[in-house]
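Visitor: Got a structure here, written out as structure tokens. Questions coming.
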Amino acid sequence: MTLDVLLLFSLLSLFLFLRVLNVVTRPSRKLEKKSGANLLIIVGSGGHTAEMLTVLRSFSTNFSNLFPLREYVFATSDITSTPKINRFEREKEGLSRYHFVPRAREVGQSYFTSIFTTLNAFWASVRVYVKTKPDAILANGPGTCIPVITACFVGKIVGFNRRCKVMYVESVSRTKRMSLSGRLCYSLRLADVVFVMWPELKETYPRAKFCGRIY
């Protein structure tokens, strides 16, 4: 009986390893839909929100046609970003919907208690991800993005929404070293593509895509 359990565990571990390997080594493909794609946008607060709005405005003029449905994810404690996104969306056609998830860790929170809040944030992010089933995810660094992007990564492992593309844009303030969120997306290959705005970052992280300063 013990040998059977050990064999089963070994086979499941091998299967999981091969699935993860398939996800992280699979060549990234361009978004297949020419129009009608569902974009999930992870909004931070303060400077992150301002940068995300600049990124969104840098898209081509057919932004509303490419992404007629925009799903925004906010932290529940963020009370300043929603009005800014409202003003941006009034300029666009299509439909936008808002979702709220708890922060994985608040400023000044102890690392021990953050274990439980991170798990809570992850499960909330899983629910949002499954509900929205986006074609692409766009993030630019807030801690809120990691649980959502991880939910996407786990979904690909189990075969859910495998075509979803994760685009991570590193903050313009990062000139020589990526943020923690950026390093996780890059090193663990959670994101299909990581954009950087400084050539120094491109030299340090060769798999990243140098896009230059967009603002």
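Identifiers for the structure tokens are assigned positionally: chains receive A, B, ... in sequence, residues are indexed from 1 per chain, and ligands are indexed from 1 in the order shown.
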Would you tabulate, counting only C-alpha atoms, all residues of range 40-83 of chain A that have an atom at most 12 Å from an atom of range 122-138 of chain A, showing the closest pair of atoms and their distance in Å to one decimal, sorted by chain then ascending number, as a Markdown table?

Guide:
```
| residue | atom | partner | partner_atom | distance |
| --- | --- | --- | --- | --- |
| A:Leu40 | CA | A:Ile137 | CA | 4.7 |
| A:Ile41 | CA | A:Leu138 | CA | 4.9 |
| A:Ile42 | CA | A:Leu138 | CA | 6.3 |
| A:Val43 | CA | A:Leu138 | CA | 9.0 |
| A:Gly44 | CA | A:Leu138 | CA | 11.6 |
| A:Met52 | CA | A:Leu138 | CA | 8.9 |
| A:Leu53 | CA | A:Leu138 | CA | 11.4 |
| A:Val55 | CA | A:Leu138 | CA | 9.6 |
| A:Leu56 | CA | A:Leu138 | CA | 9.4 |
| A:Leu66 | CA | A:Asp135 | CA | 11.1 |
| A:Phe67 | CA | A:Asp135 | CA | 9.5 |
| A:Pro68 | CA | A:Asp135 | CA | 11.7 |
| A:Leu69 | CA | A:Pro134 | CA | 9.4 |
| A:Arg70 | CA | A:Pro134 | CA | 9.2 |
| A:Glu71 | CA | A:Thr132 | CA | 7.5 |
| A:Tyr72 | CA | A:Leu138 | CA | 9.7 |
| A:Val73 | CA | A:Val128 | CA | 8.4 |
| A:Phe74 | CA | A:Ser125 | CA | 10.6 |
| A:Ala75 | CA | A:Ser125 | CA | 10.5 |
| A:Thr76 | CA | A:Ala124 | CA | 11.0 |
```

Visitor: Could you please take those selected residues and save C-alpha atoms as a CSV table (one decimal), in the first residue's frame?

Guide:
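As written to disk, part-v6.csv reads:
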```csv
chain,number,residue,atom,x,y,z
A,40,LEU,CA,-7.8,42.4,-17.6
A,41,ILE,CA,-6.0,45.5,-16.2
A,42,ILE,CA,-4.5,45.4,-12.8
A,43,VAL,CA,-4.6,48.9,-11.2
A,44,GLY,CA,-2.3,49.9,-8.3
A,52,MET,CA,-1.0,52.6,-16.0
A,53,LEU,CA,-3.2,55.4,-17.5
A,55,VAL,CA,0.4,53.0,-20.7
A,56,LEU,CA,-3.3,52.7,-21.8
A,66,LEU,CA,-9.1,45.8,-29.9
A,67,PHE,CA,-10.3,45.6,-26.4
A,68,PRO,CA,-14.1,46.4,-26.3
A,69,LEU,CA,-14.3,44.8,-22.9
A,70,ARG,CA,-11.9,46.1,-20.2
A,71,GLU,CA,-11.9,44.5,-16.8
A,72,TYR,CA,-10.2,46.5,-14.0
A,73,VAL,CA,-8.9,45.0,-10.8
A,74,PHE,CA,-8.5,47.3,-7.8
A,75,ALA,CA,-7.4,46.7,-4.2
A,76,THR,CA,-10.3,47.0,-1.8
```

Visitor: Grab the CA of Glu106 in chain A to CA of Ser181 in chain A distance for me, in Å with one decimal place.

Guide: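 For CA of Glu106 in chain A relative to CA of Ser181 in chain A, the distance reads 15.1 Å.
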
Visitor: Any idea what's packed within 9 Å of Arg174 in chain A, counting only C-alpha atoms, ignoring anything in its chain fewer than 3 positions away? Could you give it as a PDB file with N, CA and C atoms, in the first residue's frame?

Guide:
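Result written to part.pdb:
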```pdb
ATOM      1  N   GLU A 170       7.348  47.299 -16.586  1.00  0.00           N
ATOM      2  CA  GLU A 170       8.076  47.778 -15.415  1.00  0.00           C
ATOM      3  C   GLU A 170       8.005  49.299 -15.328  1.00  0.00           C
ATOM      4  N   SER A 171       7.951  49.794 -14.105  1.00  0.00           N
ATOM      5  CA  SER A 171       7.821  51.228 -13.870  1.00  0.00           C
ATOM      6  C   SER A 171       9.003  51.996 -14.444  1.00  0.00           C
ATOM      7  N   ARG A 177      17.340  48.238 -11.563  1.00  0.00           N
ATOM      8  CA  ARG A 177      16.910  46.977 -10.960  1.00  0.00           C
ATOM      9  C   ARG A 177      15.390  46.933 -10.941  1.00  0.00           C
ATOM     10  N   MET A 178      14.845  45.786 -11.314  1.00  0.00           N
ATOM     11  CA  MET A 178      13.404  45.642 -11.341  1.00  0.00           C
ATOM     12  C   MET A 178      12.821  45.652  -9.932  1.00  0.00           C
ATOM     13  N   SER A 179      11.547  45.990  -9.872  1.00  0.00           N
ATOM     14  CA  SER A 179      10.806  45.878  -8.630  1.00  0.00           C
ATOM     15  C   SER A 179      10.637  44.407  -8.271  1.00  0.00           C
ATOM     16  N   VAL A 196      10.575  46.829 -20.378  1.00  0.00           N
ATOM     17  CA  VAL A 196      11.360  47.765 -19.573  1.00  0.00           C
ATOM     18  C   VAL A 196      11.594  49.025 -20.389  1.00  0.00           C
ATOM     19  N   MET A 197      11.782  50.142 -19.690  1.00  0.00           N
ATOM     20  CA  MET A 197      11.897  51.433 -20.367  1.00  0.00           C
ATOM     21  C   MET A 197      13.312  51.994 -20.368  1.00  0.00           C
ATOM     22  N   TRP A 198      14.247  51.274 -19.788  1.00  0.00           N
ATOM     23  CA  TRP A 198      15.623  51.751 -19.724  1.00  0.00           C
ATOM     24  C   TRP A 198      16.558  50.692 -20.275  1.00  0.00           C
ATOM     25  N   LEU A 201      18.232  48.238 -17.797  1.00  0.00           N
ATOM     26  CA  LEU A 201      17.439  47.089 -17.346  1.00  0.00           C
ATOM     27  C   LEU A 201      17.472  45.972 -18.375  1.00  0.00           C
TER      28      LEU A 201
END
```

Visitor: Here is a test: counting only C-alpha atoms, which residue of A:Leu39, A:Ile146, A:Cys185, A:Leu119 is nearest to Cys164 in chain A?

Guide: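 Nearest to Cys164 in chain A: A:Leu39.
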
Visitor: If you count only C-alpha atoms, which residues fall within 6 Å of Val194 in chain A, apart from same-chain ones fewer than 2 positions away, as a list in words?

Guide: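 Residues near the query, excluding close chain neighbours: Tyr168, Val169 and Ala208 of chain A.
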
Visitor: Write the residues of the selection above to a file with C-alpha atoms, as a short mmCIF file (atom, residue, chain, number, x, y, z; two decimals), in the first residue's frame.

Guide:
```cif
data_model
loop_
_atom_site.label_atom_id
_atom_site.label_comp_id
_atom_site.auth_asym_id
_atom_site.auth_seq_id
_atom_site.Cartn_x
_atom_site.Cartn_y
_atom_site.Cartn_z
CA TYR A 168 4.06 43.24 -17.48
CA VAL A 169 5.34 46.82 -17.87
CA ALA A 208 12.88 41.58 -21.25
#
```

Visitor: Between CA of Arg213 in chain A and CA of Phe88 in chain A, what is the distance, to one decimal in Å?

Guide: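 Computed distance, CA of Arg213 in chain A to CA of Phe88 in chain A, equals 21.0 Å.
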
Visitor: Run DSSP on the backbone and grab whatever in range 70-154 of chain A lands in helix (DSSP H, G or I); send it over as a PyMOL selection string.

Guide: chain A and resi 81-89+111-132+145-154

Visitor: Under the rule that only C-alpha atoms are counted, which of A:Ser77, A:Gln109, A:Ser64, A:Val158 is the nearest residue to Glu91 in chain A?

Guide: A:Ser64

Visitor: Among range 42-201 of chain A, which ones does DSSP assign to strand (DSSP E or B) (computed from the backbone)? Answer as a PDB file with C-alpha atoms, in the first residue's frame.

Guide:
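Saved as states.pdb:
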```
ATOM      1  CA  ILE A  42      -4.522  45.433 -12.751  1.00  0.00           C
ATOM      2  CA  LEU A  69     -14.281  44.836 -22.855  1.00  0.00           C
ATOM      3  CA  ARG A  70     -11.902  46.128 -20.189  1.00  0.00           C
ATOM      4  CA  GLU A  71     -11.935  44.468 -16.787  1.00  0.00           C
ATOM      5  CA  TYR A  72     -10.185  46.453 -14.034  1.00  0.00           C
ATOM      6  CA  VAL A  73      -8.870  44.974 -10.793  1.00  0.00           C
ATOM      7  CA  PHE A  74      -8.467  47.283  -7.795  1.00  0.00           C
ATOM      8  CA  ALA A  75      -7.360  46.691  -4.224  1.00  0.00           C
ATOM      9  CA  LEU A  95     -17.704  48.202 -21.833  1.00  0.00           C
ATOM     10  CA  SER A  96     -15.702  48.329 -18.617  1.00  0.00           C
ATOM     11  CA  ARG A  97     -16.243  46.401 -15.396  1.00  0.00           C
ATOM     12  CA  TYR A  98     -14.587  46.736 -12.007  1.00  0.00           C
ATOM     13  CA  HIS A  99     -13.450  44.039  -9.593  1.00  0.00           C
ATOM     14  CA  PHE A 100     -11.954  44.389  -6.126  1.00  0.00           C
ATOM     15  CA  VAL A 101      -9.552  42.081  -4.321  1.00  0.00           C
ATOM     16  CA  ALA A 136      -4.742  39.201 -21.896  1.00  0.00           C
ATOM     17  CA  ILE A 137      -3.587  40.680 -18.598  1.00  0.00           C
ATOM     18  CA  LEU A 138      -1.825  44.034 -18.294  1.00  0.00           C
ATOM     19  CA  ALA A 139       0.062  44.958 -15.111  1.00  0.00           C
ATOM     20  CA  LYS A 165      -1.175  36.485 -22.421  1.00  0.00           C
ATOM     21  CA  VAL A 166       0.372  38.314 -19.477  1.00  0.00           C
ATOM     22  CA  MET A 167       2.055  41.649 -20.247  1.00  0.00           C
ATOM     23  CA  TYR A 168       4.062  43.244 -17.478  1.00  0.00           C
ATOM     24  CA  VAL A 169       5.338  46.822 -17.871  1.00  0.00           C
ATOM     25  CA  VAL A 193       6.493  39.409 -21.870  1.00  0.00           C
ATOM     26  CA  VAL A 194       8.147  41.933 -19.549  1.00  0.00           C
ATOM     27  CA  PHE A 195       8.664  45.442 -20.909  1.00  0.00           C
ATOM     28  CA  VAL A 196      11.360  47.765 -19.573  1.00  0.00           C
TER      29      VAL A 196
END
```

Visitor: Using only C-alpha atoms, find the one residue out of A:Gly36, A:Gly159, A:Pro83, A:Gly46 that sits nearest to Asn62 in chain A.

Guide: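 Ranked by minimum distance to Asn62 in chain A, first place goes to A:Gly36.
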
Visitor: Just the number, please: distance in Å from CA of Pro102 in chain A to CA of Thr144 in chain A, one decimal.

Guide: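 So the answer is 8.0 Å.
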